[in-house]
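Asks: This is data.cif (mmCIF, C-alpha atoms).
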data_input
loop_
_atom_site.label_atom_id
_atom_site.label_comp_id
_atom_site.auth_asym_id
_atom_site.auth_seq_id
_atom_site.Cartn_x
_atom_site.Cartn_y
_atom_site.Cartn_z
CA MET A 1 12.49 -6.50 14.39
CA ILE A 2 12.69 -8.57 11.25
CA GLU A 3 15.77 -10.66 10.65
CA LEU A 4 16.63 -11.22 7.03
CA LYS A 5 18.78 -14.11 5.83
CA SER A 6 21.66 -11.67 5.38
CA GLY A 7 21.54 -10.94 9.13
CA LEU A 8 20.34 -7.34 8.65
CA LEU A 9 17.83 -6.21 11.26
CA VAL A 10 15.00 -3.89 10.25
CA SER A 11 12.60 -2.62 12.90
CA LYS A 12 8.84 -2.52 12.48
CA ILE A 13 7.19 0.79 11.65
CA ARG A 14 4.30 2.16 13.71
CA ASN A 15 2.29 3.65 10.81
CA GLY A 16 2.98 3.84 7.10
CA THR A 17 3.57 1.60 4.12
CA VAL A 18 5.69 -1.47 3.40
CA ILE A 19 6.21 -2.37 -0.24
CA ASP A 20 7.49 -5.92 -0.66
CA HIS A 21 8.35 -8.10 -3.67
CA ILE A 22 9.89 -5.24 -5.69
CA PRO A 23 12.15 -6.69 -8.42
CA ALA A 24 15.80 -6.45 -7.38
CA GLY A 25 17.27 -3.05 -8.14
CA ARG A 26 13.97 -1.21 -8.66
CA ALA A 27 13.37 0.19 -5.15
CA LEU A 28 15.06 3.47 -6.13
CA ALA A 29 12.58 3.82 -9.02
CA VAL A 30 9.74 3.27 -6.51
CA LEU A 31 11.17 6.07 -4.34
CA LYS A 32 11.22 8.30 -7.43
CA ILE A 33 7.55 7.50 -8.15
CA LEU A 34 6.75 8.49 -4.58
CA ARG A 35 8.81 11.68 -5.01
CA ILE A 36 10.88 10.80 -1.95
CA LYS A 37 14.38 12.23 -1.98
CA GLY A 38 15.28 11.67 1.67
CA ILE A 39 14.88 15.25 2.88
CA GLU A 40 11.14 14.98 3.62
CA GLY A 41 11.68 13.57 7.11
CA TYR A 42 10.14 10.13 6.59
CA ARG A 43 11.93 7.28 8.31
CA ILE A 44 12.72 4.89 5.47
CA ALA A 45 14.16 1.38 5.43
CA LEU A 46 15.42 0.22 2.05
CA VAL A 47 16.61 -3.33 1.48
CA MET A 48 17.98 -4.12 -1.95
CA ASN A 49 18.82 -7.51 -3.41
CA ALA A 50 17.48 -9.49 -0.43
CA GLU A 51 17.22 -13.23 -0.94
CA SER A 52 13.74 -14.41 -1.88
CA SER A 53 12.56 -17.97 -2.41
CA LYS A 54 9.80 -16.68 -4.72
CA MET A 55 11.81 -14.16 -6.78
CA GLY A 56 15.46 -15.09 -6.30
CA ARG A 57 16.31 -11.52 -5.25
CA LYS A 58 13.99 -8.68 -4.29
CA ASP A 59 13.87 -5.19 -2.82
CA ILE A 60 11.77 -4.10 0.18
CA LEU A 61 10.81 -0.55 1.09
CA LYS A 62 9.37 0.65 4.42
CA ILE A 63 8.14 4.22 4.73
CA GLU A 64 6.92 5.49 8.06
CA ASP A 65 3.97 7.94 8.18
CA ARG A 66 3.29 7.78 4.42
CA GLU A 67 0.44 6.03 2.60
CA ILE A 68 0.51 5.32 -1.14
CA GLU A 69 -1.96 7.13 -3.39
CA GLU A 70 -3.82 5.22 -6.12
CA LYS A 71 -1.95 6.87 -9.02
CA GLU A 72 1.37 6.06 -7.33
CA ALA A 73 0.28 2.44 -6.86
CA GLU A 74 -0.56 2.20 -10.58
CA LEU A 75 2.92 3.42 -11.55
CA ILE A 76 4.58 1.08 -9.05
CA THR A 77 2.67 -1.83 -10.60
CA LEU A 78 4.06 -1.01 -14.04
CA ILE A 79 7.68 -1.43 -12.86
CA ALA A 80 7.04 -3.94 -10.04
CA PRO A 81 4.05 -6.12 -11.02
CA GLU A 82 4.65 -8.61 -8.16
CA ALA A 83 4.82 -5.90 -5.49
CA THR A 84 2.53 -6.00 -2.49
CA ILE A 85 1.62 -2.77 -0.74
CA ASN A 86 0.95 -3.20 2.98
CA ILE A 87 -0.65 -0.43 5.05
CA ILE A 88 0.56 -0.41 8.65
CA LYS A 89 -1.35 1.07 11.63
CA ASP A 90 -0.08 0.69 15.21
CA TYR A 91 2.54 -1.84 14.05
CA GLU A 92 -0.08 -4.12 12.45
CA VAL A 93 -0.89 -4.76 8.77
CA VAL A 94 -4.40 -3.38 8.31
CA GLY A 95 -4.49 -3.52 4.52
CA LYS A 96 -2.69 -5.51 1.87
CA ARG A 97 -2.94 -4.57 -1.78
CA LYS A 98 -1.70 -6.57 -4.72
CA GLN A 99 -2.15 -4.35 -7.73
CA GLU A 100 -2.86 -5.70 -11.19
CA ILE A 101 -1.33 -4.19 -14.29
CA PRO A 102 -4.27 -2.22 -15.66
CA GLN A 103 -5.79 -2.85 -19.10
CA GLU A 104 -5.40 0.87 -19.76
CA VAL A 105 -2.84 3.40 -18.46
CA VAL A 106 -4.16 6.95 -18.71
CA GLY A 107 -2.17 10.13 -18.17
CA LEU A 108 0.79 8.50 -16.41
CA LEU A 109 3.29 8.01 -19.25
CA ARG A 110 4.20 9.90 -22.39
CA CYS A 111 4.24 8.59 -25.91
CA THR A 112 7.73 8.33 -27.40
CA ASN A 113 6.48 9.17 -30.90
CA PRO A 114 7.18 12.90 -31.42
CA SER A 115 4.40 13.03 -34.05
CA CYS A 116 1.75 11.62 -31.69
CA ILE A 117 -1.14 13.98 -31.00
CA THR A 118 -0.45 13.68 -27.25
CA ASN A 119 2.90 15.42 -27.83
CA ASN A 120 1.41 18.17 -30.00
CA ASP A 121 -1.93 19.03 -28.38
CA VAL A 122 -1.87 20.28 -24.77
CA GLU A 123 -5.41 18.97 -24.19
CA ALA A 124 -4.67 15.41 -25.37
CA ILE A 125 -4.09 12.97 -22.52
CA THR A 126 -1.92 9.92 -23.10
CA ARG A 127 -3.72 6.61 -23.15
CA PHE A 128 -1.97 3.25 -23.47
CA ARG A 129 -3.51 -0.20 -23.58
CA THR A 130 -1.71 -3.20 -22.18
CA LEU A 131 -0.65 -5.67 -24.87
CA LYS A 132 1.45 -7.97 -22.66
CA ARG A 133 1.94 -8.16 -18.92
CA ARG A 134 5.21 -10.15 -18.92
CA PRO A 135 7.35 -8.63 -20.19
CA LEU A 136 5.32 -5.43 -20.06
CA GLN A 137 4.34 -3.98 -23.42
CA LEU A 138 1.96 -1.05 -23.91
CA ALA A 139 0.54 0.54 -27.08
CA CYS A 140 -0.50 4.16 -27.53
CA GLU A 141 -4.22 4.39 -28.30
CA TYR A 142 -3.62 7.26 -30.72
CA CYS A 143 -0.61 6.25 -32.81
CA GLU A 144 0.02 2.58 -31.84
CA THR A 145 3.60 3.32 -30.72
CA ARG A 146 4.70 0.58 -28.35
CA LEU A 147 6.43 1.02 -25.00
CA THR A 148 8.48 -1.79 -23.47
CA GLU A 149 9.03 -2.34 -19.76
CA ASP A 150 12.54 -0.85 -20.05
CA GLU A 151 11.11 2.30 -21.67
CA VAL A 152 8.53 2.64 -18.91
CA VAL A 153 11.26 2.33 -16.26
CA ARG A 154 13.39 4.92 -18.12
CA GLN A 155 10.47 7.35 -18.21
CA ILE A 156 9.83 6.94 -14.51
CA LEU A 157 13.50 7.41 -13.65
CA GLY A 158 13.90 10.15 -16.27
#
Take the structure in the file and write it out as structure tokens.
Replies:
Amino acid sequence: MIELKSGLLVSKIRNGTVIDHIPAGRALAVLKILRIKGIEGYRIALVMNAESSKMGRKDILKIEDREIEEKEAELITLIAPEATINIIKDYEVVGKRKQEIPQEVVGLLRCTNPSCITNNDVEAITRFRTLKRRPLQLACEYCETRLTEDEVVRQILG
């Protein structure tokens, strides 16, 4: 069991994924990225607004019997750039991933410009380049429309 400063006890998981260092209040967005609604049968531990010496406050998410796919990890990184993704096997951390915000985000977000070719041609795939990592700012490769971090979060939660 892990004891948090708040006194809450959270047991270890046998196999699955632990996502730590999620910015406070964004764990629900991570669950949405993972398409987890609670009815799938995964045992999930969700800690929101836990004290953190590094971040002030953070969220933590534990999902038993579920590993994160690469595309999901990329989306998580866009809304939680400090997040670490830990793979658990037989109660031990066997892999630890710290994702980087990619230079290019392909096919994961939509352009907010209604005139952009990606919104008018079914074969066009969205492509954004990263302008700034903190705060996140992306630019559409086709029409130069910019997306802020808040817009990215809204799209994911949308």
Asks: As an exercise, work out the distance from atom CA of A:Thr112 to atom CA of A:Ile68 in Å and give it to one decimal place.
Replies: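 Interatomic distance here is 27.4 Å.
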Asks: Interatomic distance between atom CA of A:Asn15 and atom CA of A:Ile88?
Replies: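 That distance, rounded to one decimal, is 4.9 Å.
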Asks: Residues within 7 Å of stretch 124-135 of chain A, please, as number ranges by chain. Count all atoms listed in the file; anything in the same chain fewer than 3 positions from it doesn't count.
Replies: A: 101, 103-107, 109-111, 117-118, 121, 138-141, 149
Asks: Name the residues that the PyMOL selection byres ((chain A and resi 89) around 10) picks from the file above, as a ChimeraX atom specification, using the file's chain letters and numbers.
Replies: /A:13-17,65,86-88,90-95
Asks: Just how far from atom CA of A:Glu144 is atom CA of A:Leu34, in Å to one decimal?
Replies: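 Pair atom CA of A:Leu34 / atom CA of A:Glu144 returns 28.7 Å.
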Asks: Evaluate the PyMOL selection byres ((chain A and resi 56-61) around 8) here and jot the selected residues down as a list of chain:residue names.
Replies: A:Val18, A:Ile19, A:Asp20, A:His21, A:Ile22, A:Pro23, A:Ala24, A:Gly25, A:Arg26, A:Ala27, A:Ile44, A:Ala45, A:Leu46, A:Val47, A:Met48, A:Asn49, A:Ala50, A:Glu51, A:Ser52, A:Ser53, A:Lys54, A:Met55, A:Lys62, A:Ile63
Asks: Would you list the contacts of A:Glu70 as a VMD selection string, taking every protein, DNA or RNA residue within 12 Å and counting all atoms listed in the file, but skipping same-chain residues closer than 4 positions in sequence?
Replies: chain A and resid 33 to 34 74 to 77 85 97 99 108
Asks: Rank nothing, just name the residue among A:Ile156, A:Thr145, A:Glu151, A:Lys12 nearest to A:Glu72, using all atoms listed in the file.
Replies: A:Ile156
Asks: Which residue out of A:Arg66, A:Asp150, A:Leu28, A:Ala73 has the minimum interatomic distance to A:Glu40 when all atoms listed in the file are used?
Replies: A:Arg66
Asks: Name the closest residue to A:Leu136 among the candidates A:Val122, A:Lys98, A:Arg154, A:Leu78; distances are taken between atoms, counting only C-alpha atoms.
Replies: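 Among the listed residues, A:Leu78 lies closest to A:Leu136.
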